[in-house]
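Undergrad: Below you'll find the structure I mean.
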Amino acid sequence: MNPYPPSSSPRGPGFPSGLFAGKTLAGKKGERVMRWTALTYIGLLVVLPILAISGETVKSGFRTILADLSRPEALASLKLTFLLAFTMILITSCMGTLTAWVMVRYPFRGKAVVNALIDLPFAIPTVVTGLMLVVLYGPASAIGSFMNRNGVEVIYAKPGIVLALLYVTFPFVVRAVQPVLMEMNMEMEEAAACLGAGKWTIFKRIVFPSLLPSILTGAAQAFSKALGEFGSVVIVAGNIPMKTQIAPVYIYGEIESYNPSGALAVSLVLLAGSMIVLLLLNVARRVGTRYGA
Amino acid sequence: MGIDVRHLVKRFRSSCQKTEGFLAVDDVSFSVQPGQMVALLGPSGSGKSTVLRIIAGLESPDSGHVIMQNHDVTWTPPQNRHIGFVFQHYALFKNMTVWKNIAFGLEVNRWEPEIVAAQVERFLALVQLKGYENRYPCQLSGGQRQRVALARALAPRPAFLLLDEPFGALDTKVRRNLAVQLRELHDEVKTTSVFVTHDQEEAFELADEIVVINRGRVEQAGTARDVYDRPASKFVASFIGNVNMVEGVNDGHTLWIGPLRRAVVPARALENRGELVLLVRPESIEVCSSPCSDTLDVMIRTVAYRGDRYEMMLDLDGLELRMIVDRQRGASRTWQTGATLHVRFSRFAVFEASEGHEALRDKLRSLGYIE
Amino acid sequence: MVPNPFTDISRSVRRRDQRQSPRRYQWFFLRRDPRLMQRLLIAAVLAWLAFLIAFPLIGIITHTFADGWRPFVDALIEPEAMHAFIITLLVTGVAVMINVVFGIIIGLVIARHQFPGKILVEELVSLPLAVSPVVAGFMFILLFGRNGWLGSWFEAGGVRIIYALPGMIIATIFVTLPFVSKEVIPVLLEIGTEMEDAARTLGASPWQVFRYITFPSIRWGLAYGITLTTARALGEFGAVLVVSGNIIGRTQTATLHIHESYTNLHFQGAFSASLVLAVISFTMLLVMEFFRRRIEKSREN
Ligand SMILES: Nc1ncnc2c1ncn2[C@@H]1O[C@H](COP(=O)(O)OP(=O)(O)O)[C@@H](O)[C@H]1O
Ligand SMILES: [Mg+2]
């Protein structure tokens, strides 16, 4: 009955209070110890690094950061990253939704194998992903040389980066849409058909709107992941500044050449980009679960 | 001009195995007069929903025909049949408001926007949901969702209204209320309707005619009176209402009843001979003041006062009989457990016991028709 | 405007529908899309999956064994490769152990406690998912580097964190932080507190409640989380690359070794190590699938 995909941490209004639950702020001693252990751990591992990068930002000042950011290489890398990530989510949204649809709705042989394949990108190390793509589509391979002869460069060019991003983010949309599609039984569509709606109308007005929240969820996760993707792209891209150098690779280069302020500026933009996307997603989900359920 | 269902057969085959499949609908025929409301009544799993879905065009029959208004629509897609379908779990469009839900059928049929608005308003008022236009289905209670589903199905002025266990998911009180509302709505719009239920009271309350279905076959079709008072089969008799099952033997002039085969001379001559089963409704057991040729002596086991009636369990040579005495008659005397009564079966249905009494009772018990 | 009970359906019932041709109209009955459409879409998806995921996998396998087993084995028993795998196992082992313990604690705190700022804590826990691995590494350099906020302090105590094992472990922990708690929290919320309360009323100590009630119910979710954590830790590259300094024979993990070999055009080494990692991840995948089935099964019960 919920139009939105289940959030990973649903919070009902009647929140359970039981074991380890402090009724007030000052609960039992054991509970307090546990809570502070968790908070300290998160503080040390997550908050402290964030503080470090924020502090560094304050220290170097707005001017410097802007100057570092306006270097053509930095700007180009950021532009490229966002552009390619955007291209990627357009493709992955379509193909991911289609894959989920086929997996849920159509019977065919070898479904279990396909199901396992879908998860593979999450399991395989990103460097290995990059290598695999180079092996298959690189200039040395049959496919790659064929495409080169026809004037299409894949590896060491932008299409290769998109391919790598598609690979590493493929499961997001599929896994977001699949459960929603499974839960959405045929009844809604049947009801629409009885009311006189044709196939296309049913898809446009019933099926697609019901899937849209989950598609967006998957796409947002994929986008956030793509902004930060490093391992596969660094191998596939060729990393030519101004041409095929994406932002994480640029940051790595700056760190290697002992230029932390250059790394800082671009890092901040990347961080802001993916955090805003995920934050928007979380807000949408919270609003969604309030209306759903 | 109504709906004619002719010799429908439907077998569900699982796609992976080459098995016989499950025969869900087996030669079902009945007809619905225009403007009438017909109930498909039967235990769950008997194939009622499948029949209804075939009528709607959501399922294809293996053979047989569905005739609507003298058109054979067996192979017409649901979109072209002018039906309103109310699903058991409502199947409201979750991504649309109540208003949009009701307007959907009108919009896809290209009604003018003003007329759509007017019609939606009208049906919102009819199902008493004014003020809920902008809610989403998840923000409504079960009863309200049900009413939206009803309005959505009726708003495009369907020629036929089909309802699949429309009140199945609601609690008893809401169910009663809505059943009355549905009947009123039907009396107002007079759409030819078929509804599915496993609840005989609902069927009795709403339907002009009842089609009793068991294991994919039509057991009996007729008015409430027909199926209650003149059941065509043991199944109908036991499924509709409460019933006592008493075995007996008829030797031509005397009926030997009960485990100990007590002799009774029935008031009417029985056609059936030999081993018999008598199905007696609890309210058809009548108490007589003195023993005579057609009475049986029974002992009262328990007495329960239910407000509008007394319910008694009687003991006939070890066989338990349920008797219902209405309040007024019951209040005229005292009932004592252990006392002996002289009772007569004022009305009963007789069937031949083809398989022997015990086997039959076991079967009915396993199906849950008797206790 | 009174609804007409006898709406005439004859205009919409098409003549051709009345012909007896079940086969042809079967797809109208909503259970199926047209056969051809099904075939085309399935073909499209399979082709997509093949070119994106399956063929690259096959490609790397055939490449690795292009010259038989020998080069594969040789590339793996090189001391650098061996050492890199040992470092990877070490880093993964420590990171997983720490994250399991704290992941459970975080899960319990978020699912069972009520305190101000909990939403913030939840967001913080899932933050590492939103941070680019390179940026994560960079943050730890800012923190623990020679001129870093805490780095100088550690340096004075003679402890090296950046360009050494501790930094790599910390970076891996950061990157895999959310996985365990993310899997445990939904299960904890789902089972509610009834059983735990019941056990407590029977006099069980908090530890006993955890041991005999809570733990058995989160078991499979936890296992799934651990598998995810392990897979991610084994394959972590960006954060570790930035933090480790990539010193061969000292701070080089398997993924770093692959990258190094590749950039030095030592392809056999890169492919062989990649294949080993790919096989391990594939095993992880199967294990994950197994745990997911178990979770679903226990949810049904
Ligand atoms: N799509 C289907 N596939 C296989 N069997 C089905 C399908 N739909 C219904 N059945 C079977 O057909 C029988 C009748 O189902 P149904 O018409 O839903 O019964 P009812 O509505 O009377 O409870 C049931 O035993 C059910 O298991
Ligand atoms: Mg049913």
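Letters for chains follow the order of the structure tokens (A, B, ...), residue numbers begin at 1 for each chain, and ligand numbers begin at 1 in the order shown.
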Check range 38-160 of chain A with DSSP on the backbone and list each residue it calls helix (DSSP H, G or I), as an MDAnalysis selection string.

TA: chainID A and resid 38:69 72:105 111:123 126:137 142:149 158:160

Undergrad: Show me which residues line ligand 1, defined as having an atom within 7 Å of a ligand atom where only C-alpha atoms and all ligand atoms count, and present them as a ChimeraX atom specification.

TA: /B:12-14,22,24,42-51

Undergrad: For a quick test of understanding: name the residues of chain A lying within 6 Å of chain C when counting only C-alpha atoms, and present them as a ChimeraX atom specification.

TA: /A:9,18,21,35,38,49,52-53,99,123-125,128,132-133,136,228,231,267,274-275

Undergrad: Looking at only C-alpha atoms, which of C:Phe72, C:Tyr212, C:Phe290, C:Tyr224 is the one that sits closest to Phe179 in chain C?

TA: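 Of C:Phe72, C:Tyr212, C:Phe290, C:Tyr224, the one nearest Phe179 in chain C, counting only C-alpha atoms, is C:Tyr224.
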
Undergrad: Could the residues of chain B within 9 Å of chain A, counting only C-alpha atoms, be given as a PyMOL selection string, please?

TA: chain B and resi 56-58+77-87+89-96+104-106+108-109+136-139+152-153+156+158

Undergrad: List every residue of range 213-243 of chain B that DSSP, applied to the backbone of this structure, places in strand (DSSP E), and write the result as a PDB file with N, CA, C and O atoms, in the first residue's frame.

TA:
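The result, written out as selection-v6.pdb:
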ATOM      1  N   ILE B 213     -22.092 -21.808  -5.654  1.00  0.00           N
ATOM      2  CA  ILE B 213     -21.021 -22.471  -6.393  1.00  0.00           C
ATOM      3  C   ILE B 213     -20.191 -23.298  -5.435  1.00  0.00           C
ATOM      4  O   ILE B 213     -19.899 -22.868  -4.318  1.00  0.00           O
ATOM      5  N   ASN B 214     -19.885 -24.512  -5.865  1.00  0.00           N
ATOM      6  CA  ASN B 214     -19.006 -25.357  -5.066  1.00  0.00           C
ATOM      7  C   ASN B 214     -18.067 -26.100  -5.991  1.00  0.00           C
ATOM      8  O   ASN B 214     -18.496 -26.696  -6.971  1.00  0.00           O
ATOM      9  N   ARG B 217     -18.507 -25.692  -9.677  1.00  0.00           N
ATOM     10  CA  ARG B 217     -19.767 -26.049 -10.331  1.00  0.00           C
ATOM     11  C   ARG B 217     -20.906 -25.271  -9.687  1.00  0.00           C
ATOM     12  O   ARG B 217     -20.862 -24.977  -8.502  1.00  0.00           O
ATOM     13  N   VAL B 218     -21.928 -25.001 -10.486  1.00  0.00           N
ATOM     14  CA  VAL B 218     -23.114 -24.351  -9.935  1.00  0.00           C
ATOM     15  C   VAL B 218     -23.956 -25.407  -9.254  1.00  0.00           C
ATOM     16  O   VAL B 218     -24.349 -26.388  -9.879  1.00  0.00           O
ATOM     17  N   GLU B 219     -24.212 -25.230  -7.955  1.00  0.00           N
ATOM     18  CA  GLU B 219     -25.018 -26.208  -7.237  1.00  0.00           C
ATOM     19  C   GLU B 219     -26.493 -25.869  -7.361  1.00  0.00           C
ATOM     20  O   GLU B 219     -27.329 -26.743  -7.482  1.00  0.00           O
ATOM     21  N   GLN B 220     -26.773 -24.578  -7.288  1.00  0.00           N
ATOM     22  CA  GLN B 220     -28.170 -24.164  -7.386  1.00  0.00           C
ATOM     23  C   GLN B 220     -28.212 -22.679  -7.683  1.00  0.00           C
ATOM     24  O   GLN B 220     -27.365 -21.921  -7.218  1.00  0.00           O
ATOM     25  N   ALA B 221     -29.171 -22.274  -8.482  1.00  0.00           N
ATOM     26  CA  ALA B 221     -29.385 -20.855  -8.707  1.00  0.00           C
ATOM     27  C   ALA B 221     -30.843 -20.554  -8.426  1.00  0.00           C
ATOM     28  O   ALA B 221     -31.727 -21.263  -8.891  1.00  0.00           O
ATOM     29  N   GLY B 222     -31.092 -19.537  -7.661  1.00  0.00           N
ATOM     30  CA  GLY B 222     -32.474 -19.226  -7.337  1.00  0.00           C
ATOM     31  C   GLY B 222     -32.547 -18.102  -6.337  1.00  0.00           C
ATOM     32  O   GLY B 222     -31.513 -17.530  -5.958  1.00  0.00           O
TER      33      GLY B 222
END

Undergrad: If the cut-off is 6 Å, can you tell me the residues of chain B near chain C, counting only C-alpha atoms? I'd like them as number ranges by chain.

TA: B: 58-59, 72, 75-77, 80, 157, 159, 189-191

Undergrad: Which neighbours of range 56-72 of chain A fall inside 8 Å, counting only C-alpha atoms, when residues of the same chain fewer than 5 positions from it are skipped, and could you give them as a list in words?

TA: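 Selected residues are Met242, Ser261, Gly262, Leu264, Ala265 and Val266 of chain A; Leu142 of chain C.
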
Undergrad: I'd like to know which of A:Tyr156, A:Phe203, A:Tyr252, A:Phe82 is closest to Val233 in chain A, using only C-alpha atoms.

TA: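 So, comparing all the options, the nearest one is A:Tyr156.
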
Undergrad: Can you pull out the residues contacting Arg344 in chain B? Cut-off 10 Å, using only C-alpha atoms, and skip same-chain residues under 5 positions away; I want them as a ChimeraX atom specification.

TA: /B:264,266-267,284-288,291-297

Undergrad: Next, the residues of the selection above should be written as a PDB file, in the first residue's frame with C-alpha atoms.

TA:
ATOM      1  CA  VAL B 264     -41.439 -41.993  13.384  1.00  0.00           C
ATOM      2  CA  PRO B 266     -43.742 -38.648   8.982  1.00  0.00           C
ATOM      3  CA  ALA B 267     -46.510 -36.247   8.202  1.00  0.00           C
ATOM      4  CA  SER B 284     -37.466 -26.223  12.068  1.00  0.00           C
ATOM      5  CA  ILE B 285     -37.422 -28.314  15.205  1.00  0.00           C
ATOM      6  CA  GLU B 286     -40.739 -27.846  16.912  1.00  0.00           C
ATOM      7  CA  VAL B 287     -41.570 -28.669  20.515  1.00  0.00           C
ATOM      8  CA  CYS B 288     -44.820 -30.561  21.151  1.00  0.00           C
ATOM      9  CA  PRO B 291     -45.700 -37.440  22.528  1.00  0.00           C
ATOM     10  CA  CYS B 292     -47.422 -38.704  19.405  1.00  0.00           C
ATOM     11  CA  SER B 293     -46.583 -40.728  16.324  1.00  0.00           C
ATOM     12  CA  ASP B 294     -44.406 -38.147  14.637  1.00  0.00           C
ATOM     13  CA  THR B 295     -42.429 -36.893  17.651  1.00  0.00           C
ATOM     14  CA  LEU B 296     -39.089 -37.903  19.024  1.00  0.00           C
ATOM     15  CA  ASP B 297     -38.013 -37.848  22.630  1.00  0.00           C
TER      16      ASP B 297
END

Undergrad: Grab the CA of Ser31 in chain B to CA of Asp229 in chain B distance for me, in Å with one decimal place.

TA: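 Interatomic distance, CA of Ser31 in chain B to CA of Asp229 in chain B: 21.4 Å.
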
Undergrad: Can you tell me how far CA of Leu178 in chain B sits from CA of Val120 in chain B, in Å to one decimal?

TA: 19.6 Å

Undergrad: Using Å and a single decimal, report how far CA of Ala151 in chain B sits from CA of Arg122 in chain B.

TA: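 Straight-line distance from CA of Arg122 in chain B to CA of Ala151 in chain B works out to 9.5 Å.
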
Undergrad: Of the candidates B:Phe345, B:Tyr228, B:Phe195, B:Tyr310, which one gets nearest to ligand 2 if we count only C-alpha atoms and all ligand atoms?

TA: B:Phe195

Undergrad: Within 12 Å of Asp171 in chain B, counting only C-alpha atoms, which residues qualify if same-chain residues fewer than 6 places away don't, as a CSV table (one decimal) with all heavy atoms, in the first residue's frame?

TA:
chain,number,residue,atom,x,y,z
B,141,SER,N,-9.7,5.0,5.9
B,141,SER,CA,-9.9,3.8,6.6
B,141,SER,C,-10.4,2.7,5.6
B,141,SER,O,-10.8,3.1,4.4
B,141,SER,CB,-11.0,4.0,7.6
B,141,SER,OG,-12.3,4.2,7.0
B,142,GLY,N,-10.5,1.5,6.0
B,142,GLY,CA,-11.0,0.4,5.1
B,142,GLY,C,-12.3,0.7,4.5
B,142,GLY,O,-12.5,0.5,3.3
B,143,GLY,N,-13.3,1.1,5.3
B,143,GLY,CA,-14.6,1.4,4.8
B,143,GLY,C,-14.6,2.5,3.8
B,143,GLY,O,-15.3,2.4,2.8
B,177,ASN,N,-23.1,-2.0,7.6
B,177,ASN,CA,-23.4,-0.6,7.2
B,177,ASN,C,-23.3,-0.5,5.7
B,177,ASN,O,-24.1,0.0,5.0
B,177,ASN,CB,-22.4,0.3,7.9
B,177,ASN,CG,-23.1,1.5,8.4
B,177,ASN,OD1,-24.1,1.9,7.9
B,177,ASN,ND2,-22.6,2.0,9.5
B,178,LEU,N,-22.1,-0.9,5.2
B,178,LEU,CA,-21.8,-0.8,3.8
B,178,LEU,C,-22.7,-1.6,2.9
B,178,LEU,O,-23.1,-1.2,1.8
B,178,LEU,CB,-20.4,-1.1,3.5
B,178,LEU,CG,-19.4,0.0,3.8
B,178,LEU,CD1,-18.0,-0.5,3.6
B,178,LEU,CD2,-19.7,1.1,2.8
B,179,ALA,N,-23.1,-2.8,3.4
B,179,ALA,CA,-24.0,-3.7,2.6
B,179,ALA,C,-25.3,-2.9,2.3
B,179,ALA,O,-25.8,-2.9,1.2
B,179,ALA,CB,-24.2,-5.0,3.3
